[in-house]
Amino acid sequence: MRIRHAFAVALCAGLAVGCASGTGTETTAAQSTSPTTTQTTTEATNAPMAASPFGSAVCGPAFLSSLTERQKLAQLLMVGVTGTADALDVVRSEQIGGIFIGSWTDEAMLGNGEIAQVADASAVPLMVSIDEEGGRVSRVGQLFGADPSAREVARTMTPEQAYEMALDRGRELRRIGITVNFAPDVDVSSQPDNAVIGDRSFSDNPQVVTTYAEAYARGMREAGILPVLKHFPGHGSASGDSHTGAVTTPPLDQLQTSDLVPYRALVNTDVGVMLGHLNVPGLTTGDLPASLSPEAVSLLRDGTGYDAPPFTGPIFTDDLSGMRAITDRFDIAQAVEQALSSGVTVALWLSTDEVPQVLDHLEEAVASGRLPSSQVDSSVLTVAREKGAVTC
């Protein structure tokens with residue numbers, strides 16, 4: 001019996017509402033793309049993640065009660081993998097919530113269609129993420145051909161052409177099993193092309209960034225990929241590179257008319273948001289960067305601090321293990337605890353080696369009350385809704 005089927009039987013047994021035994025139309029639609037077809041309808045891909053494999057009416061309380069505390073915490077972790085064997089091991093052993101395909105990941109995992117094996121080993125639908133912005137930040141250029149950088153897109157394409165490009169690339173990603181793309185970059189920047197943001201930004205004009213990011217995100221969504229806006233609240237005018245040390249942005253009041261403009265327009269359009277490792281005067285406190293900051297999470301969730309709608313989707317950290325803005329001050333377990341206790345939905349880092357240690361640490365944090373179990377449950381349900389594992 002497959003892991004997912006066994007989990008589904010156990011879950012359905014405890015439901016107060018009915019569970020369907022077969023796959024519904026939403027599940028069929030989510031699986032309609034394959035390596036042998038390039039035609040994907042909007043109906044087949046209008047949800048970012050797969051529909052619930054557990055039936056047509058899996059509700060939040062029943063879903064939560066089906067998981068141990070460790071399994072809940074595992075749903076809030078996303079880790080980089082070196083290849084299929086590494087991914088299978090961490091999914092089978094810890095039922096991790098998501099994996100990240102990086103520049104170091106064996107390309108055979110993508111080119112040979114091996115992601116499906118990993119996803120099938122997960123009892124709960126698996127988030128499979130990638131950085132595919134185009135330009136110099138691309139993981140599938142060798143497989144599908146290169147897309148231009150965001151800056152080049154804004155210079156040479158109409159918004160409609162940008163949408164079509166994203167739709168095509170999104171369909172290619174979906175066919176090989178990707179479900180989350182950490183793009184578009186909505187930083188507003190005039191940096192030289194080769195700077196840390198540089199040509200990853202569509203423009204130094206926030207309205208241009210908003211227009212092209214909306215088109216790009218819409219194409220990804222229609223292909224069945226969750227687009228993730230980054231790097232909140234804005235890296236475009238920041239000093240420094242978080243890969244090499246601490247980074248400080250202009251004060252929050254200056255970001256209101258620049259970097260925050262795209263988020264104000266786009267956070268209610270079925271997207272995720274990635275927090276940057278950014279110290280923001282007037283927002284972050286205690287020398288915590290936005291990625292670990294309860295103030296930054298509250299700004300995004302509530303929206304009132306920058307005149308935006310409330311944001312209800314998943315919030316991701318930037319990488320917590322390979323950037324000195326974090327590693328100079330925290331080990332990975334401490335960083336993950338701080339992120340989750342601040343209200344971040346998913347903590348991201350680049351190696352599976354630390355997963356057991358991190359989960360041990362998080363279990364102790366919940367038991368001691370440092371990480372409220374109510375916060376864990378809320379984040380687990382946010383992830384589950386995005387995956388289609390909870391439908392009521």
# chains A, B, ... in the order shown; residues from 1 in each chain; ligands from 1
>>> residues_around(residues="Ala384 of chain A", least_positions_apart="2", cutoff="9 Å", atoms="only C-alpha atoms", output="list in words")
Ser52, Gly60, Phe63, Gln75, Val124, Pro125, Ser379, Val380, Leu381, Thr382, Glu386, Lys387, Gly388, Ala389, Val390 and Thr391 of chain A
>>> select_by_dssp(residues="segment 189-298 of chain A", states="helix (DSSP H, G or I)", output="CSV table (one decimal) with N, CA and C atoms, in the first residue's frame")
chain,number,residue,atom,x,y,z
A,198,GLY,N,20.1,43.9,-9.2
A,198,GLY,CA,20.5,44.3,-10.6
A,198,GLY,C,19.4,43.9,-11.6
A,199,ASP,N,19.8,43.1,-12.6
A,199,ASP,CA,18.9,42.8,-13.7
A,199,ASP,C,17.8,41.7,-13.3
A,200,ARG,N,17.8,41.3,-12.0
A,200,ARG,CA,16.7,40.5,-11.5
A,200,ARG,C,15.5,41.4,-11.3
A,206,PRO,N,8.4,51.6,-9.7
A,206,PRO,CA,7.5,50.6,-9.1
A,206,PRO,C,6.3,50.2,-9.9
A,207,GLN,N,5.8,51.2,-10.7
A,207,GLN,CA,4.6,50.8,-11.5
A,207,GLN,C,5.0,49.8,-12.6
A,208,VAL,N,6.1,50.0,-13.2
A,208,VAL,CA,6.6,49.0,-14.2
A,208,VAL,C,6.8,47.7,-13.6
A,209,VAL,N,7.4,47.7,-12.4
A,209,VAL,CA,7.6,46.4,-11.7
A,209,VAL,C,6.3,45.7,-11.4
A,210,THR,N,5.3,46.5,-11.0
A,210,THR,CA,4.0,45.9,-10.7
A,210,THR,C,3.3,45.3,-11.9
A,211,THR,N,3.4,46.1,-13.0
A,211,THR,CA,2.7,45.6,-14.2
A,211,THR,C,3.3,44.3,-14.7
A,212,TYR,N,4.7,44.2,-14.8
A,212,TYR,CA,5.3,43.0,-15.3
A,212,TYR,C,5.3,41.9,-14.3
A,213,ALA,N,5.4,42.2,-13.1
A,213,ALA,CA,5.3,41.1,-12.1
A,213,ALA,C,3.9,40.5,-12.1
A,214,GLU,N,2.9,41.3,-12.2
A,214,GLU,CA,1.5,40.8,-12.3
A,214,GLU,C,1.3,39.9,-13.5
A,215,ALA,N,1.9,40.3,-14.6
A,215,ALA,CA,1.8,39.4,-15.8
A,215,ALA,C,2.5,38.1,-15.6
A,216,TYR,N,3.7,38.2,-15.1
A,216,TYR,CA,4.5,37.0,-14.9
A,216,TYR,C,3.8,36.0,-13.9
A,217,ALA,N,3.4,36.6,-12.8
A,217,ALA,CA,2.7,35.8,-11.7
A,217,ALA,C,1.5,35.1,-12.3
A,218,ARG,N,0.7,35.9,-13.1
A,218,ARG,CA,-0.5,35.3,-13.7
A,218,ARG,C,-0.2,34.2,-14.6
A,219,GLY,N,0.8,34.3,-15.4
A,219,GLY,CA,1.2,33.1,-16.3
A,219,GLY,C,1.6,31.9,-15.5
A,220,MET,N,2.4,32.1,-14.4
A,220,MET,CA,2.7,31.0,-13.5
A,220,MET,C,1.5,30.3,-12.9
A,221,ARG,N,0.6,31.1,-12.4
A,221,ARG,CA,-0.6,30.6,-11.7
A,221,ARG,C,-1.4,29.8,-12.7
A,222,GLU,N,-1.6,30.3,-13.9
A,222,GLU,CA,-2.4,29.6,-14.9
A,222,GLU,C,-1.8,28.3,-15.3
A,252,LEU,N,11.5,52.4,6.5
A,252,LEU,CA,10.2,52.0,6.1
A,252,LEU,C,9.4,53.0,5.3
A,253,ASP,N,9.4,54.3,5.8
A,253,ASP,CA,8.6,55.3,5.2
A,253,ASP,C,9.1,55.6,3.8
A,254,GLN,N,10.4,55.4,3.5
A,254,GLN,CA,10.8,55.5,2.1
A,254,GLN,C,10.4,54.3,1.2
A,255,LEU,N,10.3,53.1,1.8
A,255,LEU,CA,9.9,51.9,1.0
A,255,LEU,C,8.4,52.0,0.6
A,260,LEU,N,7.5,48.7,-1.6
A,260,LEU,CA,6.3,48.1,-1.2
A,260,LEU,C,5.1,48.3,-2.1
A,261,VAL,N,5.3,49.1,-3.2
A,261,VAL,CA,4.2,49.3,-4.1
A,261,VAL,C,3.7,48.1,-4.8
A,262,PRO,N,4.6,47.2,-5.3
A,262,PRO,CA,4.2,46.0,-6.0
A,262,PRO,C,3.4,45.0,-5.0
A,263,TYR,N,3.9,44.9,-3.8
A,263,TYR,CA,3.2,44.1,-2.8
A,263,TYR,C,1.8,44.6,-2.5
A,264,ARG,N,1.7,45.9,-2.4
A,264,ARG,CA,0.4,46.6,-2.2
A,264,ARG,C,-0.6,46.1,-3.2
A,265,ALA,N,-0.2,46.0,-4.4
A,265,ALA,CA,-1.1,45.7,-5.6
A,265,ALA,C,-1.3,44.2,-5.8
A,266,LEU,N,-0.3,43.4,-5.3
A,266,LEU,CA,-0.3,42.0,-5.8
A,266,LEU,C,-0.6,40.9,-4.7
A,290,ALA,N,14.1,40.9,8.5
A,290,ALA,CA,12.7,40.8,8.2
A,290,ALA,C,12.3,39.3,8.1
A,291,SER,N,13.2,38.4,7.7
A,291,SER,CA,12.9,37.0,7.6
A,291,SER,C,12.6,36.3,8.9
A,292,LEU,N,13.1,37.0,10.0
A,292,LEU,CA,12.9,36.4,11.3
A,292,LEU,C,12.1,37.3,12.2
A,294,PRO,N,8.8,39.3,13.8
A,294,PRO,CA,7.4,39.4,13.9
A,294,PRO,C,6.8,40.6,13.4
A,295,GLU,N,7.5,41.7,13.4
A,295,GLU,CA,7.0,43.0,12.9
A,295,GLU,C,6.9,43.0,11.4
A,296,ALA,N,7.8,42.4,10.7
A,296,ALA,CA,7.7,42.2,9.3
A,296,ALA,C,6.6,41.3,8.9
A,297,VAL,N,6.4,40.2,9.6
A,297,VAL,CA,5.3,39.3,9.3
A,297,VAL,C,4.0,40.0,9.5
A,298,SER,N,3.9,40.8,10.6
A,298,SER,CA,2.6,41.5,10.9
A,298,SER,C,2.3,42.5,9.8
>>> residues_around(residues="Glu152 of chain A", least_positions_apart="5", cutoff="10 Å", atoms="only C-alpha atoms", output="ChimeraX atom specification")
/A:134-135,147,157,193,199-203
>>> residues_around(residues="segment 280-282 of chain A", least_positions_apart="2", cutoff="7 Å", atoms="only C-alpha atoms", output="number ranges by chain")
A: 248-252, 278, 284
>>> atom_distance(atom1="atom CA of Asp319 of chain A", atom2="atom CA of Arg139 of chain A")
16.1 Å
>>> closest_residue(among="A:Ser103, A:Gln117, A:Thr68, A:Ser129", to="Gln142 of chain A", atoms="only C-alpha atoms")
A:Ser103
>>> residues_around(residues="Gly177 of chain A", least_positions_apart="4", cutoff="8 Å", atoms="only C-alpha atoms", output="list of chain:residue names")
A:Gly113, A:Ile115, A:Ala116, A:Val128, A:Leu173
>>> write_last_selection(atoms="all heavy atoms", output="CSV table (one decimal), in the first residue's frame")
chain,number,residue,atom,x,y,z
A,113,GLY,N,12.3,13.0,-15.0
A,113,GLY,CA,11.0,12.9,-14.5
A,113,GLY,C,11.0,12.2,-13.1
A,113,GLY,O,10.0,11.6,-12.8
A,115,ILE,N,11.0,13.5,-10.1
A,115,ILE,CA,10.3,14.2,-9.0
A,115,ILE,C,9.0,13.5,-8.6
A,115,ILE,O,8.6,13.4,-7.4
A,115,ILE,CB,10.0,15.7,-9.4
A,115,ILE,CG1,11.3,16.5,-9.4
A,115,ILE,CG2,9.0,16.3,-8.4
A,115,ILE,CD1,11.1,17.9,-9.9
A,116,ALA,N,8.4,12.8,-9.6
A,116,ALA,CA,7.1,12.1,-9.3
A,116,ALA,C,7.3,11.0,-8.3
A,116,ALA,O,6.5,10.7,-7.5
A,116,ALA,CB,6.6,11.5,-10.6
A,128,VAL,N,7.2,21.3,-4.2
A,128,VAL,CA,8.5,21.2,-4.9
A,128,VAL,C,8.8,22.5,-5.5
A,128,VAL,O,8.2,23.0,-6.4
A,128,VAL,CB,8.4,20.1,-6.0
A,128,VAL,CG1,9.8,19.9,-6.6
A,128,VAL,CG2,7.9,18.8,-5.4
A,173,LEU,N,7.7,23.7,-16.2
A,173,LEU,CA,8.0,23.4,-14.8
A,173,LEU,C,7.0,22.4,-14.2
A,173,LEU,O,7.3,21.4,-13.5
A,173,LEU,CB,8.0,24.6,-13.9
A,173,LEU,CG,9.1,25.7,-14.2
A,173,LEU,CD1,8.9,26.9,-13.4
A,173,LEU,CD2,10.5,25.1,-13.9
>>> residues_around(residues="Ser258 of chain A", least_positions_apart="6", cutoff="10 Å", atoms="only C-alpha atoms", output="PyMOL selection string")
chain A and resi 187-189+204-207+209+233-234+236-237
>>> residues_around(residues="Phe182 of chain A", least_positions_apart="4", cutoff="8 Å", atoms="only C-alpha atoms", output="ChimeraX atom specification")
/A:129-133,227-230,274
>>> write_last_selection(atoms="N, CA, C and O atoms", output="CSV table (one decimal), in the first residue's frame")
chain,number,residue,atom,x,y,z
A,129,SER,N,9.9,23.2,-5.0
A,129,SER,CA,10.1,24.6,-5.3
A,129,SER,C,11.4,24.7,-6.1
A,129,SER,O,12.3,23.9,-6.1
A,130,ILE,N,11.5,25.9,-6.7
A,130,ILE,CA,12.7,26.2,-7.5
A,130,ILE,C,12.8,27.7,-7.7
A,130,ILE,O,11.9,28.4,-7.5
A,131,ASP,N,14.1,28.2,-7.9
A,131,ASP,CA,14.3,29.5,-8.3
A,131,ASP,C,14.4,29.6,-9.8
A,131,ASP,O,15.4,29.2,-10.4
A,132,GLU,N,13.4,30.1,-10.5
A,132,GLU,CA,13.4,30.2,-11.9
A,132,GLU,C,12.9,31.5,-12.3
A,132,GLU,O,11.8,31.7,-12.8
A,133,GLU,N,13.8,32.5,-12.2
A,133,GLU,CA,13.4,33.9,-12.5
A,133,GLU,C,13.7,34.2,-14.0
A,133,GLU,O,13.1,35.1,-14.5
A,227,PRO,N,3.3,31.3,-7.8
A,227,PRO,CA,4.4,32.3,-7.8
A,227,PRO,C,4.7,32.9,-6.5
A,227,PRO,O,3.7,33.1,-5.7
A,228,VAL,N,5.9,33.2,-6.2
A,228,VAL,CA,6.3,33.8,-4.9
A,228,VAL,C,7.0,35.1,-5.1
A,228,VAL,O,8.1,35.1,-5.7
A,229,LEU,N,6.4,36.2,-4.6
A,229,LEU,CA,7.0,37.5,-4.7
A,229,LEU,C,8.1,37.6,-3.7
A,229,LEU,O,8.1,37.1,-2.6
A,230,LYS,N,9.2,38.3,-4.1
A,230,LYS,CA,10.4,38.5,-3.2
A,230,LYS,C,11.1,39.8,-3.6
A,230,LYS,O,10.9,40.3,-4.7
A,274,MET,N,8.1,35.8,-0.2
A,274,MET,CA,9.4,35.5,0.5
A,274,MET,C,9.9,36.7,1.2
A,274,MET,O,10.0,37.8,0.6
>>> decode(residues="segment 191-264 of chain A", atoms="C-alpha atoms", output="PDB file, in the first residue's frame")
ATOM      1  CA  GLN A 191      21.439  48.709  -9.505  1.00  0.00           C
ATOM      2  CA  PRO A 192      23.850  47.708 -12.297  1.00  0.00           C
ATOM      3  CA  ASP A 193      22.840  44.516 -14.055  1.00  0.00           C
ATOM      4  CA  ASN A 194      25.422  42.365 -12.251  1.00  0.00           C
ATOM      5  CA  ALA A 195      24.648  43.630  -8.726  1.00  0.00           C
ATOM      6  CA  VAL A 196      22.971  41.384  -6.159  1.00  0.00           C
ATOM      7  CA  ILE A 197      19.526  42.399  -7.456  1.00  0.00           C
ATOM      8  CA  GLY A 198      20.470  44.269 -10.620  1.00  0.00           C
ATOM      9  CA  ASP A 199      18.863  42.758 -13.705  1.00  0.00           C
ATOM     10  CA  ARG A 200      16.705  40.504 -11.537  1.00  0.00           C
ATOM     11  CA  SER A 201      14.530  43.613 -11.071  1.00  0.00           C
ATOM     12  CA  PHE A 202      12.116  44.581 -13.826  1.00  0.00           C
ATOM     13  CA  SER A 203      12.740  48.293 -13.301  1.00  0.00           C
ATOM     14  CA  ASP A 204      13.491  51.141 -10.928  1.00  0.00           C
ATOM     15  CA  ASN A 205       9.912  52.313 -11.537  1.00  0.00           C
ATOM     16  CA  PRO A 206       7.544  50.618  -9.071  1.00  0.00           C
ATOM     17  CA  GLN A 207       4.597  50.820 -11.487  1.00  0.00           C
ATOM     18  CA  VAL A 208       6.592  49.046 -14.209  1.00  0.00           C
ATOM     19  CA  VAL A 209       7.627  46.384 -11.701  1.00  0.00           C
ATOM     20  CA  THR A 210       4.010  45.915 -10.653  1.00  0.00           C
ATOM     21  CA  THR A 211       2.740  45.602 -14.220  1.00  0.00           C
ATOM     22  CA  TYR A 212       5.308  43.046 -15.331  1.00  0.00           C
ATOM     23  CA  ALA A 213       5.296  41.095 -12.073  1.00  0.00           C
ATOM     24  CA  GLU A 214       1.502  40.780 -12.282  1.00  0.00           C
ATOM     25  CA  ALA A 215       1.771  39.436 -15.817  1.00  0.00           C
ATOM     26  CA  TYR A 216       4.520  36.991 -14.873  1.00  0.00           C
ATOM     27  CA  ALA A 217       2.721  35.765 -11.748  1.00  0.00           C
ATOM     28  CA  ARG A 218      -0.520  35.331 -13.690  1.00  0.00           C
ATOM     29  CA  GLY A 219       1.218  33.135 -16.251  1.00  0.00           C
ATOM     30  CA  MET A 220       2.736  30.963 -13.533  1.00  0.00           C
ATOM     31  CA  ARG A 221      -0.598  30.602 -11.736  1.00  0.00           C
ATOM     32  CA  GLU A 222      -2.410  29.591 -14.894  1.00  0.00           C
ATOM     33  CA  ALA A 223       0.241  26.917 -15.458  1.00  0.00           C
ATOM     34  CA  GLY A 224      -0.440  25.448 -12.006  1.00  0.00           C
ATOM     35  CA  ILE A 225       2.599  26.964 -10.281  1.00  0.00           C
ATOM     36  CA  LEU A 226       2.467  29.059  -7.108  1.00  0.00           C
ATOM     37  CA  PRO A 227       4.408  32.280  -7.840  1.00  0.00           C
ATOM     38  CA  VAL A 228       6.288  33.766  -4.882  1.00  0.00           C
ATOM     39  CA  LEU A 229       6.999  37.495  -4.730  1.00  0.00           C
ATOM     40  CA  LYS A 230      10.352  38.451  -3.227  1.00  0.00           C
ATOM     41  CA  HIS A 231      12.170  39.913  -1.249  1.00  0.00           C
ATOM     42  CA  PHE A 232       9.687  41.553   1.165  1.00  0.00           C
ATOM     43  CA  PRO A 233       9.692  44.383   2.133  1.00  0.00           C
ATOM     44  CA  GLY A 234      12.203  45.305  -0.588  1.00  0.00           C
ATOM     45  CA  HIS A 235      15.840  44.594  -1.450  1.00  0.00           C
ATOM     46  CA  GLY A 236      16.111  46.957  -4.395  1.00  0.00           C
ATOM     47  CA  SER A 237      17.795  49.875  -2.621  1.00  0.00           C
ATOM     48  CA  ALA A 238      19.395  47.947   0.229  1.00  0.00           C
ATOM     49  CA  SER A 239      23.066  48.230   1.118  1.00  0.00           C
ATOM     50  CA  GLY A 240      24.979  44.986   0.890  1.00  0.00           C
ATOM     51  CA  ASP A 241      24.349  41.374  -0.040  1.00  0.00           C
ATOM     52  CA  SER A 242      22.738  39.037   2.500  1.00  0.00           C
ATOM     53  CA  HIS A 243      24.898  36.191   1.153  1.00  0.00           C
ATOM     54  CA  THR A 244      27.938  37.933   2.634  1.00  0.00           C
ATOM     55  CA  GLY A 245      26.599  39.809   5.669  1.00  0.00           C
ATOM     56  CA  ALA A 246      23.989  42.074   7.165  1.00  0.00           C
ATOM     57  CA  VAL A 247      21.881  44.187   4.813  1.00  0.00           C
ATOM     58  CA  THR A 248      20.047  47.409   5.626  1.00  0.00           C
ATOM     59  CA  THR A 249      17.287  48.985   3.555  1.00  0.00           C
ATOM     60  CA  PRO A 250      16.154  52.606   3.510  1.00  0.00           C
ATOM     61  CA  PRO A 251      13.664  53.417   6.303  1.00  0.00           C
ATOM     62  CA  LEU A 252      10.180  51.956   6.067  1.00  0.00           C
ATOM     63  CA  ASP A 253       8.610  55.309   5.178  1.00  0.00           C
ATOM     64  CA  GLN A 254      10.822  55.498   2.070  1.00  0.00           C
ATOM     65  CA  LEU A 255       9.884  51.944   1.044  1.00  0.00           C
ATOM     66  CA  GLN A 256       6.207  52.984   1.045  1.00  0.00           C
ATOM     67  CA  THR A 257       6.588  54.755  -2.316  1.00  0.00           C
ATOM     68  CA  SER A 258       8.989  52.267  -3.915  1.00  0.00           C
ATOM     69  CA  ASP A 259       9.593  48.656  -2.897  1.00  0.00           C
ATOM     70  CA  LEU A 260       6.258  48.148  -1.161  1.00  0.00           C
ATOM     71  CA  VAL A 261       4.200  49.346  -4.138  1.00  0.00           C
ATOM     72  CA  PRO A 262       4.172  45.968  -5.967  1.00  0.00           C
ATOM     73  CA  TYR A 263       3.178  44.086  -2.810  1.00  0.00           C
ATOM     74  CA  ARG A 264       0.364  46.553  -2.153  1.00  0.00           C
TER      75      ARG A 264
END
